[in-house]
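Structure first, then comments.
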Amino acid sequence: MAAPARLASVQRELYYRISHMTDTGSNDRARPNWALILGLLTGVAVALAIFIPALLVRPSPKPNAPLTSISTSAPAAGRIDTVTIPGPLGGPDISRDVNTLVGQRAPGFTLSDSEGVSYPISPGGGTPTVLIFNMGVT
Amino acid sequence: MQQLGELQKSAAGLRGLADVFVLNGDTPNDSRRLKRISGISLPVLLDRDLSVARSYDMLPKPDQPMGMMSGVAQMGYVIVDEQGIIRLQRVDLNFGTHADQIYQILRTI
């Protein structure tokens, strides 16, 4: 009676092996790599957790500098107009308005350049004047 | 020095709207060197005793970007309108990089 039982056992074993055999003859069926999938999902979740808040709080690009209002007419003209101009750029450690003399007449002066050419400067001759103050080499 | 190089890029446009002068306390030799290195084509005037910087209140102050320095003028600019009235005194360490802003202000006032 042991032989039929033994035969049945071999048949079950064969059936199991055949049913789990792949086309290549290997017995390794493609199974989902749950560790890899879990790792990828965790990575995506971490990336979203980082980037979504960053996108939400990202400052909108500044179209221009902050604005400053200045008086634009001479006091002698009896009229004061105000215009808005771009304010200082780069923060208070870089740029800042002084404006202690705004509205006053600009003092004239005479300076020379490196070749000894004299420049008498008298602002107010019908053309705006820009004085750029620079540290120079020294 | 780098800022003068940056300013030079906008020098022609600025000169079309205003008389533009660069002032500093350099010696003539240093000024020649400065012009050679920076390539600046604007007049560079020697304010050796900083009297002009003082008269335009552009000497360093404690609460301003160059507040800890002495013997130099604040880096920045003063804009005077065509009637000779001071419209803006601005300390700006990056005045050359911000030259477009000077241009914009000149077009506004």
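In the structure tokens, chains take letters A, B, ... by order of appearance, with residues numbered from 1 within each chain and ligands from 1 in the order shown.
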
Could you give me the residues within chain B that DSSP places in strand (DSSP E), as a list of chain:residue names?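 For chain B, the strand (DSSP E) set is B:Asp19, B:Val20, B:Phe21, B:Val22, B:Leu23, B:Asn24, B:Val44, B:Leu45, B:Leu46, B:Gly76, B:Tyr77, B:Val78, B:Ile79, B:Val80, B:Ile86, B:Arg87, B:Leu88, B:Gln89, B:Arg90, B:Val91, B:Asp92.
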
With C-alpha atoms retained, write the just-selected residues as a tab-separated table (two decimals), in the first residue's frame.
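Written out: out.tsv:
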```
chain	number	residue	atom	x	y	z
B	19	ASP	CA	25.35	115.25	-17.51
B	20	VAL	CA	27.04	112.39	-15.66
B	21	PHE	CA	30.21	112.65	-13.61
B	22	VAL	CA	32.12	110.17	-11.48
B	23	LEU	CA	33.74	111.59	-8.35
B	24	ASN	CA	36.27	110.01	-6.03
B	44	VAL	CA	36.22	111.04	-13.48
B	45	LEU	CA	36.72	114.04	-11.22
B	46	LEU	CA	39.12	114.13	-8.30
B	76	GLY	CA	26.16	105.87	-4.67
B	77	TYR	CA	24.69	108.69	-6.64
B	78	VAL	CA	22.90	112.01	-6.49
B	79	ILE	CA	20.38	113.04	-9.11
B	80	VAL	CA	19.76	116.71	-9.73
B	86	ILE	CA	18.43	117.69	-5.73
B	87	ARG	CA	15.91	114.92	-6.32
B	88	LEU	CA	17.63	111.87	-4.94
B	89	GLN	CA	20.66	110.94	-2.80
B	90	ARG	CA	21.11	107.20	-2.77
B	91	VAL	CA	23.87	105.08	-1.28
B	92	ASP	CA	24.27	102.08	-3.55
```

Restricting to only C-alpha atoms, whichever of B:Ser41, B:Tyr56, B:Leu34, B:Lys61 is closest to B:Gln2 is B:Leu34

Between A:Ser118, A:Gly108, A:Asp97, A:Pro88, which has the minimum distance to chain B (counting only C-alpha atoms)?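 Counting only C-alpha atoms, the residue closest to chain B is A:Asp97.
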
Interface rows for chain A against chain B: nearest pair, Å to one decimal, 9 Å, only C-alpha atoms, as a Markdown table:
```
| residue | atom | partner | partner_atom | distance |
| --- | --- | --- | --- | --- |
| A:Ala65 | CA | B:Gln101 | CA | 8.9 |
| A:Ile70 | CA | B:Arg87 | CA | 7.0 |
| A:Ser71 | CA | B:Arg87 | CA | 7.1 |
| A:Thr72 | CA | B:Ile109 | CA | 6.3 |
| A:Ser73 | CA | B:Ile85 | CA | 8.1 |
| A:Ala74 | CA | B:Ile85 | CA | 6.4 |
| A:Pro75 | CA | B:Ile85 | CA | 8.9 |
| A:Val83 | CA | B:Ile109 | CA | 7.2 |
| A:Thr84 | CA | B:Thr108 | CA | 7.9 |
| A:Ile85 | CA | B:Ile105 | CA | 5.9 |
| A:Pro86 | CA | B:Gln101 | CA | 6.9 |
| A:Gly87 | CA | B:Gln101 | CA | 8.9 |
| A:Pro88 | CA | B:Arg90 | CA | 7.5 |
| A:Leu89 | CA | B:His98 | CA | 7.7 |
| A:Gly90 | CA | B:Asn94 | CA | 8.5 |
| A:Pro92 | CA | B:Pro65 | CA | 7.0 |
| A:Asp93 | CA | B:Pro65 | CA | 4.9 |
| A:Ile94 | CA | B:Leu93 | CA | 5.4 |
| A:Ser95 | CA | B:Asp92 | CA | 4.1 |
| A:Arg96 | CA | B:Val91 | CA | 5.2 |
| A:Asp97 | CA | B:Arg90 | CA | 4.3 |
| A:Val98 | CA | B:Gln89 | CA | 5.3 |
| A:Asn99 | CA | B:Gln89 | CA | 4.9 |
| A:Thr100 | CA | B:Asp57 | CA | 7.3 |
| A:Leu101 | CA | B:Ile86 | CA | 6.6 |
| A:Val102 | CA | B:Ile86 | CA | 4.9 |
| A:Gly103 | CA | B:Ile86 | CA | 5.5 |
| A:Gln104 | CA | B:Ile85 | CA | 5.5 |
| A:Arg105 | CA | B:Ile85 | CA | 4.5 |
| A:Ala106 | CA | B:Ile86 | CA | 5.6 |
| A:Pro107 | CA | B:Ser55 | CA | 7.3 |
| A:Gly108 | CA | B:Val52 | CA | 8.9 |
| A:Phe109 | CA | B:Val52 | CA | 7.2 |
| A:Leu111 | CA | B:Leu45 | CA | 5.9 |
| A:Ser112 | CA | B:Leu45 | CA | 5.5 |
| A:Asp113 | CA | B:Leu45 | CA | 4.5 |
| A:Ser114 | CA | B:Pro28 | CA | 4.2 |
| A:Glu115 | CA | B:Pro28 | CA | 7.1 |
| A:Gly116 | CA | B:Pro28 | CA | 8.3 |
| A:Ser118 | CA | B:Leu45 | CA | 8.7 |
| A:Tyr119 | CA | B:Leu45 | CA | 7.9 |
| A:Ser122 | CA | B:Gly84 | CA | 7.8 |
| A:Pro123 | CA | B:Gly84 | CA | 4.7 |
| A:Gly124 | CA | B:Gly84 | CA | 3.4 |
| A:Gly125 | CA | B:Glu82 | CA | 6.2 |
| A:Gly126 | CA | B:Glu82 | CA | 4.4 |
| A:Thr127 | CA | B:Glu82 | CA | 4.4 |
| A:Pro128 | CA | B:Glu82 | CA | 4.2 |
| A:Thr129 | CA | B:Asp19 | CA | 4.7 |
| A:Val130 | CA | B:Val20 | CA | 4.7 |
| A:Leu131 | CA | B:Phe21 | CA | 5.1 |
| A:Ile132 | CA | B:Tyr77 | CA | 4.4 |
| A:Phe133 | CA | B:Leu23 | CA | 5.0 |
| A:Asn134 | CA | B:Met75 | CA | 4.9 |
| A:Met135 | CA | B:Asn24 | CA | 5.7 |
| A:Gly136 | CA | B:Asn24 | CA | 5.5 |
| A:Val137 | CA | B:Asp30 | CA | 5.9 |
| A:Thr138 | CA | B:Asp26 | CA | 6.1 |
```

**Item:** Point-to-point distance in Å for atom CA of B:Pro60 and atom CA of A:Thr68
**Value:**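 Between these atoms lies a distance of 21.8 Å.
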
Open item on the list: For the helix (DSSP H, G or I) assignment from backbone DSSP, which residues of chain B qualify? Please present them as a PyMOL selection string.
Closed with: chain B and resi 2-15+28-38+51-55+99-108
